[in-house]
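Below: run.tsv (TSV, C-alpha atoms)
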```
chain	number	residue	atom	x	y	z
A	2	MET	CA	-26.82	-112.30	-125.20
A	3	SER	CA	-28.52	-112.32	-121.79
A	4	ALA	CA	-32.31	-111.95	-121.66
A	5	ARG	CA	-33.74	-108.52	-122.34
A	6	PHE	CA	-36.85	-107.84	-120.26
A	7	ARG	CA	-38.74	-104.83	-121.56
A	8	ALA	CA	-41.86	-103.62	-119.76
A	9	ALA	CA	-44.80	-101.94	-121.43
A	10	ARG	CA	-45.67	-98.32	-120.68
A	11	PRO	CA	-47.32	-97.65	-117.27
A	12	LEU	CA	-50.66	-99.32	-116.66
A	13	GLY	CA	-53.70	-97.23	-116.02
A	14	GLU	CA	-56.19	-99.29	-114.01
A	15	ALA	CA	-55.33	-101.66	-111.20
A	16	GLU	CA	-58.04	-104.11	-112.19
A	17	MET	CA	-56.26	-104.71	-115.52
A	18	SER	CA	-53.13	-106.10	-113.82
A	19	ASP	CA	-53.73	-109.86	-114.05
A	20	ARG	CA	-51.16	-111.39	-111.72
A	21	SER	CA	-52.25	-114.92	-112.63
A	22	LEU	CA	-50.90	-114.59	-116.18
A	23	PRO	CA	-47.35	-116.00	-116.47
A	24	PHE	CA	-44.43	-113.54	-116.66
A	25	ALA	CA	-46.38	-111.11	-114.47
A	26	ALA	CA	-43.17	-109.22	-113.67
A	27	HIS	CA	-42.70	-108.47	-117.37
A	28	PRO	CA	-45.91	-106.77	-118.64
A	29	ARG	CA	-46.09	-105.80	-122.30
A	30	VAL	CA	-49.72	-104.87	-123.00
A	31	ARG	CA	-52.69	-103.89	-120.81
A	32	THR	CA	-55.60	-102.30	-122.64
A	33	GLN	CA	-59.35	-102.32	-123.09
A	34	ASP	CA	-59.12	-100.73	-126.53
A	35	VAL	CA	-59.35	-103.12	-129.49
A	36	ASP	CA	-57.28	-100.94	-131.82
A	37	GLU	CA	-54.53	-100.48	-129.24
A	38	ALA	CA	-54.47	-104.21	-128.50
A	39	LYS	CA	-54.23	-104.99	-132.21
A	40	ALA	CA	-51.38	-102.53	-132.72
A	41	ARG	CA	-49.30	-103.35	-129.66
A	42	VAL	CA	-49.66	-107.12	-129.80
A	43	GLY	CA	-48.95	-106.85	-133.53
A	44	GLU	CA	-45.64	-105.11	-132.88
A	45	VAL	CA	-44.46	-108.27	-131.12
A	46	LEU	CA	-46.29	-111.19	-132.73
A	47	GLY	CA	-47.12	-109.84	-136.17
A	48	TYR	CA	-49.81	-107.51	-137.43
A	49	HIS	CA	-53.35	-108.89	-137.66
A	50	GLN	CA	-57.02	-108.08	-137.72
A	51	LEU	CA	-58.73	-108.40	-134.32
A	52	ARG	CA	-62.37	-108.16	-133.28
A	53	PRO	CA	-64.57	-109.52	-130.48
A	54	VAL	CA	-66.79	-112.39	-131.62
A	55	GLU	CA	-69.74	-110.70	-129.89
A	56	PRO	CA	-70.03	-107.17	-131.33
A	57	GLY	CA	-69.48	-104.60	-128.61
A	58	ALA	CA	-68.16	-107.13	-126.08
A	59	PRO	CA	-65.54	-105.55	-123.78
A	60	ILE	CA	-61.95	-106.59	-124.34
A	61	HIS	CA	-59.32	-106.86	-121.59
A	62	ALA	CA	-56.08	-107.57	-123.44
A	63	CYS	CA	-53.17	-108.64	-121.24
A	64	MET	CA	-49.80	-109.73	-122.59
A	65	ASN	CA	-46.59	-110.41	-120.67
A	66	GLY	CA	-43.34	-111.58	-122.16
A	67	VAL	CA	-39.58	-111.94	-122.20
A	68	GLU	CA	-37.18	-111.91	-125.13
A	69	PHE	CA	-33.80	-113.45	-125.90
A	70	ASP	CA	-31.74	-113.26	-129.09
A	71	GLY	CA	-33.73	-115.44	-131.49
A	72	VAL	CA	-36.61	-116.51	-129.25
A	73	GLY	CA	-39.37	-114.75	-127.32
A	74	LEU	CA	-41.84	-116.15	-124.78
A	75	TYR	CA	-45.20	-114.44	-124.26
A	76	CYS	CA	-48.51	-115.06	-122.53
A	77	LEU	CA	-51.62	-113.50	-124.04
A	78	ASP	CA	-55.23	-113.25	-122.90
A	79	TYR	CA	-57.88	-111.08	-124.58
A	80	GLY	CA	-60.46	-111.53	-121.84
A	81	THR	CA	-63.24	-112.41	-124.28
A	82	ALA	CA	-63.89	-114.48	-127.40
A	83	VAL	CA	-62.07	-112.94	-130.35
A	84	SER	CA	-61.53	-113.50	-134.07
A	85	ILE	CA	-57.95	-113.03	-135.34
A	86	THR	CA	-56.71	-112.86	-138.94
A	87	PRO	CA	-52.88	-112.61	-139.03
A	88	GLN	CA	-50.97	-111.23	-141.97
A	89	MET	CA	-48.55	-113.54	-143.75
A	90	LEU	CA	-45.01	-112.87	-142.51
A	91	ASP	CA	-41.50	-113.97	-143.37
A	92	GLY	CA	-39.75	-112.71	-140.23
A	93	HIS	CA	-40.78	-115.23	-137.61
A	94	LEU	CA	-42.77	-118.36	-136.68
A	95	LEU	CA	-45.01	-118.97	-133.67
A	96	VAL	CA	-45.83	-121.95	-131.50
A	97	GLU	CA	-49.03	-121.24	-129.57
A	98	MET	CA	-49.80	-123.49	-126.57
A	99	PRO	CA	-53.18	-122.94	-124.88
A	100	LEU	CA	-52.98	-122.66	-121.10
A	101	ALA	CA	-56.77	-122.73	-120.88
A	102	GLY	CA	-59.70	-122.84	-123.28
A	103	THR	CA	-59.75	-123.68	-126.97
A	104	ALA	CA	-59.10	-122.00	-130.31
A	105	GLU	CA	-60.18	-122.86	-133.83
A	106	VAL	CA	-57.15	-122.44	-136.09
A	107	CYS	CA	-57.15	-122.54	-139.89
A	108	HIS	CA	-53.75	-122.35	-141.59
A	109	GLY	CA	-53.72	-122.88	-145.33
A	110	SER	CA	-55.57	-126.15	-145.96
A	111	GLU	CA	-55.11	-127.38	-142.37
A	112	ARG	CA	-57.64	-126.86	-139.58
A	113	ILE	CA	-57.44	-127.85	-135.90
A	114	THR	CA	-59.08	-127.14	-132.56
A	115	SER	CA	-56.17	-126.16	-130.36
A	116	THR	CA	-56.32	-127.23	-126.68
A	117	PRO	CA	-53.80	-127.53	-123.82
A	118	GLU	CA	-52.87	-130.91	-125.35
A	119	LEU	CA	-52.65	-129.71	-128.97
A	120	ALA	CA	-50.55	-126.65	-129.78
A	121	SER	CA	-50.59	-124.81	-133.12
A	122	VAL	CA	-47.36	-124.20	-135.05
A	123	LEU	CA	-47.81	-121.19	-137.30
A	124	SER	CA	-45.35	-120.89	-140.17
A	125	LEU	CA	-47.14	-117.64	-141.15
A	126	ASN	CA	-46.42	-118.15	-144.86
A	127	ARG	CA	-49.99	-119.21	-145.71
A	128	PRO	CA	-53.37	-117.48	-145.24
A	129	MET	CA	-54.77	-118.20	-141.79
A	130	SER	CA	-57.44	-117.29	-139.27
A	131	MET	CA	-58.17	-118.04	-135.61
A	132	ARG	CA	-61.14	-117.86	-133.31
A	133	TRP	CA	-60.35	-117.87	-129.59
A	134	ALA	CA	-63.10	-118.99	-127.23
A	135	ALA	CA	-63.87	-116.98	-124.11
A	136	GLY	CA	-61.43	-117.89	-121.35
A	137	HIS	CA	-58.71	-118.84	-123.84
A	138	ARG	CA	-55.14	-117.83	-123.01
A	139	GLU	CA	-51.89	-118.92	-124.58
A	140	LEU	CA	-48.19	-119.37	-123.95
A	141	ILE	CA	-46.59	-118.31	-127.23
A	142	THR	CA	-43.03	-119.02	-128.36
A	143	ARG	CA	-41.83	-116.74	-131.13
A	144	PHE	CA	-38.88	-117.85	-133.25
A	145	ASN	CA	-36.90	-115.56	-135.49
A	146	ARG	CA	-37.20	-117.30	-138.87
A	147	GLY	CA	-33.62	-116.50	-139.84
A	148	ALA	CA	-32.23	-117.94	-136.61
A	149	LEU	CA	-34.39	-121.05	-136.89
A	150	GLU	CA	-33.44	-121.68	-140.52
A	151	ASN	CA	-29.76	-121.16	-139.65
A	152	GLN	CA	-30.17	-123.85	-137.00
A	153	LEU	CA	-31.83	-126.07	-139.59
A	154	GLY	CA	-28.87	-125.52	-141.91
A	155	ARG	CA	-26.46	-126.62	-139.21
A	156	LEU	CA	-28.43	-129.80	-138.67
A	157	LEU	CA	-28.56	-130.51	-142.40
A	158	GLY	CA	-24.98	-129.54	-143.14
A	159	ARG	CA	-26.18	-127.23	-145.91
A	160	ARG	CA	-28.18	-124.06	-146.39
A	161	PRO	CA	-31.96	-124.65	-146.64
A	162	ASP	CA	-33.11	-124.16	-150.22
A	163	ARG	CA	-36.76	-123.31	-149.50
A	164	PRO	CA	-38.70	-121.66	-146.63
A	165	LEU	CA	-39.27	-123.81	-143.57
A	166	THR	CA	-42.94	-124.82	-143.14
A	167	PHE	CA	-44.32	-126.90	-140.27
A	168	SER	CA	-47.46	-128.98	-139.94
A	169	LEU	CA	-50.09	-127.08	-138.00
A	170	GLY	CA	-50.93	-129.30	-135.01
A	171	MET	CA	-48.35	-130.25	-132.35
A	172	ASP	CA	-49.50	-133.13	-130.12
A	173	LEU	CA	-48.05	-132.13	-126.74
A	174	THR	CA	-48.65	-135.62	-125.32
A	175	ARG	CA	-46.02	-137.18	-127.63
A	176	PRO	CA	-42.53	-137.65	-126.14
A	177	PRO	CA	-40.67	-135.42	-128.66
A	178	ALA	CA	-43.12	-132.56	-128.09
A	179	ARG	CA	-42.99	-133.09	-124.31
A	180	SER	CA	-39.20	-132.77	-124.47
A	181	TRP	CA	-39.54	-129.54	-126.43
A	182	ARG	CA	-42.07	-128.16	-123.99
A	183	SER	CA	-39.81	-128.98	-121.03
A	184	VAL	CA	-37.22	-126.56	-122.43
A	185	VAL	CA	-39.91	-123.88	-122.77
A	186	GLU	CA	-40.96	-124.48	-119.16
A	187	LEU	CA	-37.33	-124.23	-118.00
A	188	LEU	CA	-36.99	-120.82	-119.64
A	189	ARG	CA	-40.37	-119.77	-118.29
A	190	ASN	CA	-39.48	-120.81	-114.75
A	191	GLU	CA	-36.14	-118.99	-114.87
A	192	ALA	CA	-37.80	-115.81	-116.15
A	193	GLU	CA	-40.56	-115.93	-113.53
A	194	THR	CA	-38.28	-116.68	-110.57
A	195	GLY	CA	-35.44	-114.38	-111.58
A	196	GLY	CA	-32.98	-117.27	-111.74
A	197	GLY	CA	-29.39	-116.34	-112.52
A	198	MET	CA	-29.24	-118.79	-115.41
A	199	LEU	CA	-30.62	-116.25	-117.88
A	200	GLU	CA	-27.85	-113.79	-117.05
A	201	GLN	CA	-25.28	-116.22	-118.46
A	202	PRO	CA	-24.84	-115.69	-122.24
A	203	LEU	CA	-23.41	-119.18	-122.72
A	204	VAL	CA	-26.38	-120.81	-121.04
A	205	VAL	CA	-28.95	-118.65	-122.87
A	206	ARG	CA	-27.48	-119.49	-126.26
A	207	GLN	CA	-27.38	-123.20	-125.45
A	208	LEU	CA	-31.02	-123.18	-124.35
A	209	GLU	CA	-32.10	-121.24	-127.46
A	210	GLY	CA	-30.26	-123.70	-129.68
A	211	LEU	CA	-31.78	-126.64	-127.84
A	212	LEU	CA	-35.26	-125.15	-128.16
A	213	MET	CA	-34.86	-124.69	-131.92
A	214	THR	CA	-33.32	-128.12	-132.48
A	215	GLN	CA	-36.03	-129.84	-130.45
A	216	LEU	CA	-38.74	-128.07	-132.46
A	217	LEU	CA	-37.13	-129.07	-135.77
A	218	ILE	CA	-36.93	-132.70	-134.65
A	219	ALA	CA	-40.27	-132.92	-132.83
A	220	GLN	CA	-42.60	-131.22	-135.31
A	221	PRO	CA	-43.17	-132.52	-138.87
A	222	SER	CA	-42.02	-130.06	-141.52
A	223	ASN	CA	-41.01	-129.92	-145.17
A	224	TYR	CA	-37.47	-130.79	-144.00
A	225	SER	CA	-38.33	-133.79	-141.80
A	226	ASP	CA	-37.24	-136.33	-144.42
A	227	ALA	CA	-33.90	-134.59	-144.89
A	228	LEU	CA	-33.35	-134.40	-141.14
A	229	CYS	CA	-34.04	-138.13	-140.76
A	230	GLY	CA	-32.23	-139.24	-143.94
A	231	GLY	CA	-28.89	-140.98	-144.20
A	232	GLN	CA	-25.69	-139.00	-143.71
A	233	ARG	CA	-22.17	-139.68	-144.89
A	234	ARG	CA	-19.79	-141.05	-142.27
A	235	VAL	CA	-17.30	-138.70	-140.64
A	236	ALA	CA	-13.67	-139.66	-141.10
A	237	PRO	CA	-11.34	-139.60	-138.06
A	238	PRO	CA	-9.53	-136.40	-139.25
A	239	THR	CA	-12.84	-134.57	-139.07
A	240	VAL	CA	-13.46	-135.91	-135.57
A	241	LYS	CA	-9.96	-134.77	-134.58
A	242	ARG	CA	-10.66	-131.26	-135.88
A	243	ALA	CA	-13.89	-131.21	-133.90
A	244	VAL	CA	-12.05	-132.36	-130.77
A	245	ARG	CA	-9.47	-129.58	-131.16
A	246	LEU	CA	-12.20	-127.03	-131.70
A	247	ILE	CA	-14.02	-128.16	-128.54
A	248	GLU	CA	-10.86	-128.02	-126.46
A	249	ASP	CA	-9.85	-124.60	-127.80
A	250	HIS	CA	-13.30	-123.04	-127.41
A	251	ALA	CA	-14.83	-124.83	-124.43
A	252	ASP	CA	-15.43	-121.50	-122.70
A	253	GLU	CA	-17.60	-120.26	-125.57
A	254	PRO	CA	-21.24	-121.00	-126.45
A	255	LEU	CA	-20.92	-124.22	-128.48
A	256	THR	CA	-23.63	-126.46	-129.88
A	257	VAL	CA	-23.41	-129.60	-131.99
A	258	GLU	CA	-24.54	-127.50	-134.92
A	259	ASP	CA	-21.79	-124.90	-134.37
A	260	ILE	CA	-19.10	-127.58	-134.25
A	261	ALA	CA	-20.47	-129.43	-137.29
A	262	GLU	CA	-20.63	-126.23	-139.31
A	263	ALA	CA	-17.05	-125.33	-138.35
A	264	VAL	CA	-15.64	-128.68	-139.51
A	265	GLY	CA	-17.82	-128.90	-142.62
A	266	VAL	CA	-20.25	-131.74	-141.92
A	267	SER	CA	-23.87	-132.08	-140.78
A	268	ALA	CA	-24.74	-132.33	-137.10
A	269	ARG	CA	-26.05	-135.87	-137.57
A	270	ALA	CA	-22.84	-136.97	-139.30
A	271	LEU	CA	-20.73	-135.45	-136.52
A	272	GLN	CA	-22.77	-137.29	-133.92
A	273	GLU	CA	-22.25	-140.56	-135.78
A	274	GLY	CA	-18.50	-139.94	-136.09
A	275	PHE	CA	-18.07	-139.27	-132.38
A	276	ARG	CA	-20.04	-142.37	-131.42
A	277	ARG	CA	-18.12	-144.52	-133.89
A	278	HIS	CA	-14.60	-143.31	-133.02
A	279	LEU	CA	-14.83	-141.97	-129.44
A	280	GLU	CA	-17.88	-143.84	-128.12
A	281	LYS	CA	-19.42	-140.59	-126.89
A	282	THR	CA	-21.30	-137.62	-128.28
A	283	PRO	CA	-19.79	-134.21	-129.12
A	284	MET	CA	-21.72	-132.65	-126.24
A	285	GLY	CA	-20.58	-135.46	-123.94
A	286	TYR	CA	-16.98	-134.72	-124.86
A	287	LEU	CA	-17.55	-130.98	-124.38
A	288	ARG	CA	-19.03	-131.66	-120.95
A	289	GLU	CA	-15.96	-133.66	-119.94
A	290	VAL	CA	-13.63	-130.88	-121.10
A	291	ARG	CA	-15.65	-128.30	-119.19
A	292	LEU	CA	-15.68	-130.44	-116.05
A	293	ASP	CA	-11.89	-130.66	-116.26
A	294	ARG	CA	-11.66	-126.86	-116.66
A	295	VAL	CA	-14.04	-126.30	-113.72
A	296	ARG	CA	-11.92	-128.57	-111.52
A	297	ALA	CA	-8.74	-126.77	-112.52
A	298	GLU	CA	-10.32	-123.39	-111.76
A	299	LEU	CA	-11.81	-124.49	-108.44
A	300	ALA	CA	-8.43	-125.85	-107.35
A	301	VAL	CA	-6.85	-122.38	-107.53
A	302	THR	CA	-9.85	-120.22	-106.61
A	303	ASP	CA	-10.18	-118.39	-103.31
A	304	PRO	CA	-13.51	-119.53	-101.75
A	305	VAL	CA	-14.06	-115.95	-100.59
A	306	ALA	CA	-13.71	-114.54	-104.11
A	307	ALA	CA	-15.99	-116.96	-105.99
A	308	THR	CA	-18.49	-119.74	-105.49
A	309	VAL	CA	-19.02	-123.11	-107.14
A	310	THR	CA	-22.12	-121.65	-108.78
A	311	ASP	CA	-20.12	-118.80	-110.31
A	312	VAL	CA	-17.56	-121.15	-111.83
A	313	ALA	CA	-20.16	-123.70	-113.01
A	314	TYR	CA	-22.25	-121.05	-114.76
A	315	ARG	CA	-19.14	-119.55	-116.36
A	316	TRP	CA	-18.39	-122.93	-117.95
A	317	GLY	CA	-21.93	-123.41	-119.22
A	318	PHE	CA	-23.45	-125.70	-116.57
A	319	ALA	CA	-27.03	-124.50	-116.25
A	320	HIS	CA	-28.43	-127.20	-113.95
A	321	LEU	CA	-26.40	-127.23	-110.74
A	322	GLY	CA	-27.82	-130.53	-109.49
A	323	ARG	CA	-26.80	-132.40	-112.63
A	324	PHE	CA	-23.47	-130.58	-112.65
A	325	SER	CA	-22.67	-131.67	-109.10
A	326	LEU	CA	-23.60	-135.27	-109.87
A	327	ALA	CA	-21.48	-135.35	-113.03
A	328	TYR	CA	-18.57	-133.73	-111.17
A	329	ARG	CA	-18.69	-136.29	-108.36
A	330	GLN	CA	-18.92	-139.18	-110.83
A	331	ARG	CA	-15.87	-137.92	-112.74
A	332	PHE	CA	-13.63	-136.87	-109.84
A	333	GLY	CA	-14.92	-138.77	-106.80
A	334	GLU	CA	-15.60	-135.64	-104.75
A	335	SER	CA	-18.00	-132.71	-104.75
A	336	PRO	CA	-17.04	-129.39	-106.38
A	337	SER	CA	-17.29	-127.67	-103.00
A	338	ASP	CA	-14.73	-130.12	-101.62
A	339	THR	CA	-12.34	-129.14	-104.41
A	340	LEU	CA	-12.92	-125.44	-103.75
A	341	ARG	CA	-12.36	-125.74	-99.98
A	342	ARG	CA	-9.22	-127.76	-100.45
```
Spell out the structure here as structure tokens.
Amino acid sequence: MSARFRAARPLGEAEMSDRSLPFAAHPRVRTQDVDEAKARVGEVLGYHQLRPVEPGAPIHACMNGVEFDGVGLYCLDYGTAVSITPQMLDGHLLVEMPLAGTAEVCHGSERITSTPELASVLSLNRPMSMRWAAGHRELITRFNRGALENQLGRLLGRRPDRPLTFSLGMDLTRPPARSWRSVVELLRNEAETGGGMLEQPLVVRQLEGLLMTQLLIAQPSNYSDALCGGQRRVAPPTVKRAVRLIEDHADEPLTVEDIAEAVGVSARALQEGFRRHLEKTPMGYLREVRLDRVRAELAVTDPVAATVTDVAYRWGFAHLGRFSLAYRQRFGESPSDTLRR
């Protein structure tokens, strides 16, 4: 489940290697040919019609990107003003965040001017068209529709009965959207710096799940009312089953949605049950269990054979600073103290 970084075929001209575009170490497309750009970008983001706004204007298409299981992150720049008409698709959805410039986006009956403060969320199940201004470049998050709708089902506690469709404009200045973008930036930073976090399957799956859940909560959709609606209370036996599941599978990639699905309730109902009966969240309880397991492992680990980082990553702690703080608060000493002793 670790990230799969696939490079494009060798580049021809040095001047087409734009090192300022994010994910520069992971090139996917470099071309000055419109038809090649259309075909190769289409293989990743969906097939579309593409043409320069000014007839005959030179195109310098550059796309970099990284891919995980259900999510891909890409940066795209055509080097000139272009008109794009995507095909309707049922395989994935896109969130397109301008890094510079503007784009006119028409999706069904909705129309926006996308800017670095206003992203476009493309459900790709309605006719649409785009016009990118010169100098426009985007950070694009691609979601596998099946994976995203499975995540939606876990949150709802039932299988979605109609295709997921989002509102077009995402105001990136609003707190929910800022929270979502912070997860994107975390993944982007790890991919660009070669951080070891993305080599940990448990961490990658947790971040993917968080990214999907945050999008479903932050962006209005045809399921927003259901996601915000009332949920039945969770009885203590259900909480106990969830507790046993957490304790038995703490070394596996677990999300609130996974646990809720396993015990037969919605994620929101499980959250309410844990708060009501344990005065903590399911993820808070999982964190405590994992901290206990880390401490037990550090206590018997040879400092020469493993590091605190190795053990923390193995138990799903992606942010070492927060892990160390939580460990000290729970046990009154640092993890390195436990390892040395």
- Selection: 8 Å around Asp252 of chain A, all atoms listed in the file, excl. self and same-chain fewer than 3 positions, as a PyMOL selection string: chain A and resi 291+315-317
Quick one: write out the picked residues with C-alpha atoms as an mmCIF file, keeping the file's coordinate frame?
```cif
data_model
loop_
_atom_site.group_PDB
_atom_site.id
_atom_site.type_symbol
_atom_site.label_atom_id
_atom_site.label_comp_id
_atom_site.auth_asym_id
_atom_site.auth_seq_id
_atom_site.Cartn_x
_atom_site.Cartn_y
_atom_site.Cartn_z
ATOM 1 C CA ARG A 291 -15.650 -128.300 -119.190
ATOM 2 C CA ARG A 315 -19.140 -119.550 -116.360
ATOM 3 C CA TRP A 316 -18.390 -122.930 -117.950
ATOM 4 C CA GLY A 317 -21.930 -123.410 -119.220
#
```
- Item | Selected residue, from A:Glu191, A:Asp91, A:Asp36, A:Glu298, that lies nearest to Leu165 of chain A when counting all atoms listed in the file |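 Using all atoms listed in the file, Leu165 of chain A sits closest to A:Asp91.
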- Query: Just how far from atom CA of Gly71 of chain A is atom CA of Gly147 of chain A, in Å to one decimal?
  - Reply: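 For atom CA of Gly147 of chain A relative to atom CA of Gly71 of chain A, the distance reads 8.4 Å.
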- Query: Which residue, A:Arg31, A:Arg206, A:Arg269, A:His250, has the smallest gap to Arg155 of chain A when you use all atoms listed in the file?
  - Reply: A:Arg269
- Item | Counting only C-alpha atoms, the residue of A:His137, A:His93, A:His49, A:His278 that sits nearest Asp78 of chain A | A:His137
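Taking atom CA of Ser337 of chain A and atom CA of His320 of chain A as endpoints, the distance between them is 15.6 Å.
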- Task: Could you tell me how far atom CA of Ser110 of chain A lies from atom CA of Pro128 of chain A, in Å and to one decimal?
- Result: 9.0 Å
- Message: Given only C-alpha atoms as the basis, pick out the residue of A:Ala26, A:Met131, A:Leu271, A:Leu169 nearest to Glu105 of chain A.
- Response: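 Using only C-alpha atoms, Glu105 of chain A sits closest to A:Met131.
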- Message: Can you tell me which residues surround Asp338 of chain A at a distance of at most 12 Å, considering only C-alpha atoms, apart from same-chain residues fewer than 2 positions away, and format the answer as a count of residues only?
- Response: 17
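For the choices A:Val301, A:Thr142, A:Val264, A:Leu125, the atom-to-atom distance to Glu186 of chain A is smallest for A:Thr142 when using all atoms listed in the file.
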- Minimum-distance residue to Arg179 of chain A, chosen among A:Gly154, A:Leu246, A:Asp259, A:Ile218 (using only C-alpha atoms):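 Looking at the shortest contact to Arg179 of chain A, the residue is A:Ile218.
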- Spatial neighbours of Ala104 of chain A, 10 Å, only C-alpha atoms, chain gap at least 4 places, as an MDAnalysis selection string: chainID A and resid 82:84 99 113:116 120:121 131:135 137:139
- Name the residues in contact with Ile141 of chain A at a cut-off of 12 Å, using all atoms listed in the file, excluding same-chain residues fewer than 5 positions from it; report them as a count of residues only. 32
- Query: Near Pro254 of chain A, within 12 Å and counting all atoms listed in the file, which residues show up once chain neighbours fewer than 2 positions away are dropped, as a PyMOL selection string?
  - Reply: chain A and resi 2+201-210+247+250-252+256-260+284+287+291+314-318
For segment 79-85 of chain A, take all atoms listed in the file, fit an axis-aligned box around them, add 3 Å to each of the six sides, then output centre and edge lengths in Å rounded to one decimal, as lines of an AutoDock Vina configuration file.
```
center_x = -60.9
center_y = -112.8
center_z = -128.6
size_x = 12.0
size_y = 9.4
size_z = 19.5
```
May I ask you to restore N, CA and C atoms in segment 111-127 of chain A and write the result as a PDB file, in the frame of the given file?
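Output file result25.pdb is given in full below:
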```
ATOM      1  N   GLU A 111     -55.010-126.647-143.622  1.00  0.00           N
ATOM      2  CA  GLU A 111     -55.110-127.380-142.370  1.00  0.00           C
ATOM      3  C   GLU A 111     -56.037-126.655-141.400  1.00  0.00           C
ATOM      4  N   ARG A 112     -56.738-127.426-140.571  1.00  0.00           N
ATOM      5  CA  ARG A 112     -57.640-126.860-139.580  1.00  0.00           C
ATOM      6  C   ARG A 112     -57.602-127.722-138.331  1.00  0.00           C
ATOM      7  N   ILE A 113     -57.440-127.111-137.157  1.00  0.00           N
ATOM      8  CA  ILE A 113     -57.440-127.850-135.900  1.00  0.00           C
ATOM      9  C   ILE A 113     -58.217-127.074-134.846  1.00  0.00           C
ATOM     10  N   THR A 114     -58.609-127.776-133.793  1.00  0.00           N
ATOM     11  CA  THR A 114     -59.080-127.140-132.560  1.00  0.00           C
ATOM     12  C   THR A 114     -57.953-127.268-131.555  1.00  0.00           C
ATOM     13  N   SER A 115     -57.322-126.158-131.252  1.00  0.00           N
ATOM     14  CA  SER A 115     -56.170-126.160-130.360  1.00  0.00           C
ATOM     15  C   SER A 115     -56.631-126.182-128.906  1.00  0.00           C
ATOM     16  N   THR A 116     -55.991-127.032-128.100  1.00  0.00           N
ATOM     17  CA  THR A 116     -56.320-127.230-126.680  1.00  0.00           C
ATOM     18  C   THR A 116     -55.003-127.282-125.908  1.00  0.00           C
ATOM     19  N   PRO A 117     -55.059-127.382-124.570  1.00  0.00           N
ATOM     20  CA  PRO A 117     -53.800-127.530-123.820  1.00  0.00           C
ATOM     21  C   PRO A 117     -53.003-128.776-124.182  1.00  0.00           C
ATOM     22  N   GLU A 118     -53.602-129.729-124.901  1.00  0.00           N
ATOM     23  CA  GLU A 118     -52.870-130.910-125.350  1.00  0.00           C
ATOM     24  C   GLU A 118     -52.466-130.831-126.813  1.00  0.00           C
ATOM     25  N   LEU A 119     -52.946-129.829-127.541  1.00  0.00           N
ATOM     26  CA  LEU A 119     -52.650-129.710-128.970  1.00  0.00           C
ATOM     27  C   LEU A 119     -52.303-128.253-129.291  1.00  0.00           C
ATOM     28  N   ALA A 120     -51.007-127.990-129.447  1.00  0.00           N
ATOM     29  CA  ALA A 120     -50.550-126.650-129.780  1.00  0.00           C
ATOM     30  C   ALA A 120     -50.693-126.409-131.284  1.00  0.00           C
ATOM     31  N   SER A 121     -50.598-125.154-131.694  1.00  0.00           N
ATOM     32  CA  SER A 121     -50.590-124.810-133.120  1.00  0.00           C
ATOM     33  C   SER A 121     -49.227-124.213-133.467  1.00  0.00           C
ATOM     34  N   VAL A 122     -48.661-124.685-134.574  1.00  0.00           N
ATOM     35  CA  VAL A 122     -47.360-124.200-135.050  1.00  0.00           C
ATOM     36  C   VAL A 122     -47.628-123.393-136.309  1.00  0.00           C
ATOM     37  N   LEU A 123     -47.414-122.104-136.234  1.00  0.00           N
ATOM     38  CA  LEU A 123     -47.810-121.190-137.300  1.00  0.00           C
ATOM     39  C   LEU A 123     -46.587-120.761-138.091  1.00  0.00           C
ATOM     40  N   SER A 124     -46.464-121.288-139.307  1.00  0.00           N
ATOM     41  CA  SER A 124     -45.350-120.890-140.170  1.00  0.00           C
ATOM     42  C   SER A 124     -45.541-119.500-140.740  1.00  0.00           C
ATOM     43  N   LEU A 125     -46.788-119.012-140.751  1.00  0.00           N
ATOM     44  CA  LEU A 125     -47.140-117.640-141.150  1.00  0.00           C
ATOM     45  C   LEU A 125     -46.781-117.334-142.603  1.00  0.00           C
ATOM     46  N   ASN A 126     -46.671-118.379-143.430  1.00  0.00           N
ATOM     47  CA  ASN A 126     -46.420-118.150-144.860  1.00  0.00           C
ATOM     48  C   ASN A 126     -47.595-118.635-145.702  1.00  0.00           C
ATOM     49  N   ARG A 127     -48.747-118.841-145.041  1.00  0.00           N
ATOM     50  CA  ARG A 127     -49.990-119.210-145.710  1.00  0.00           C
ATOM     51  C   ARG A 127     -51.136-118.413-145.090  1.00  0.00           C
TER      52      ARG A 127
END
```
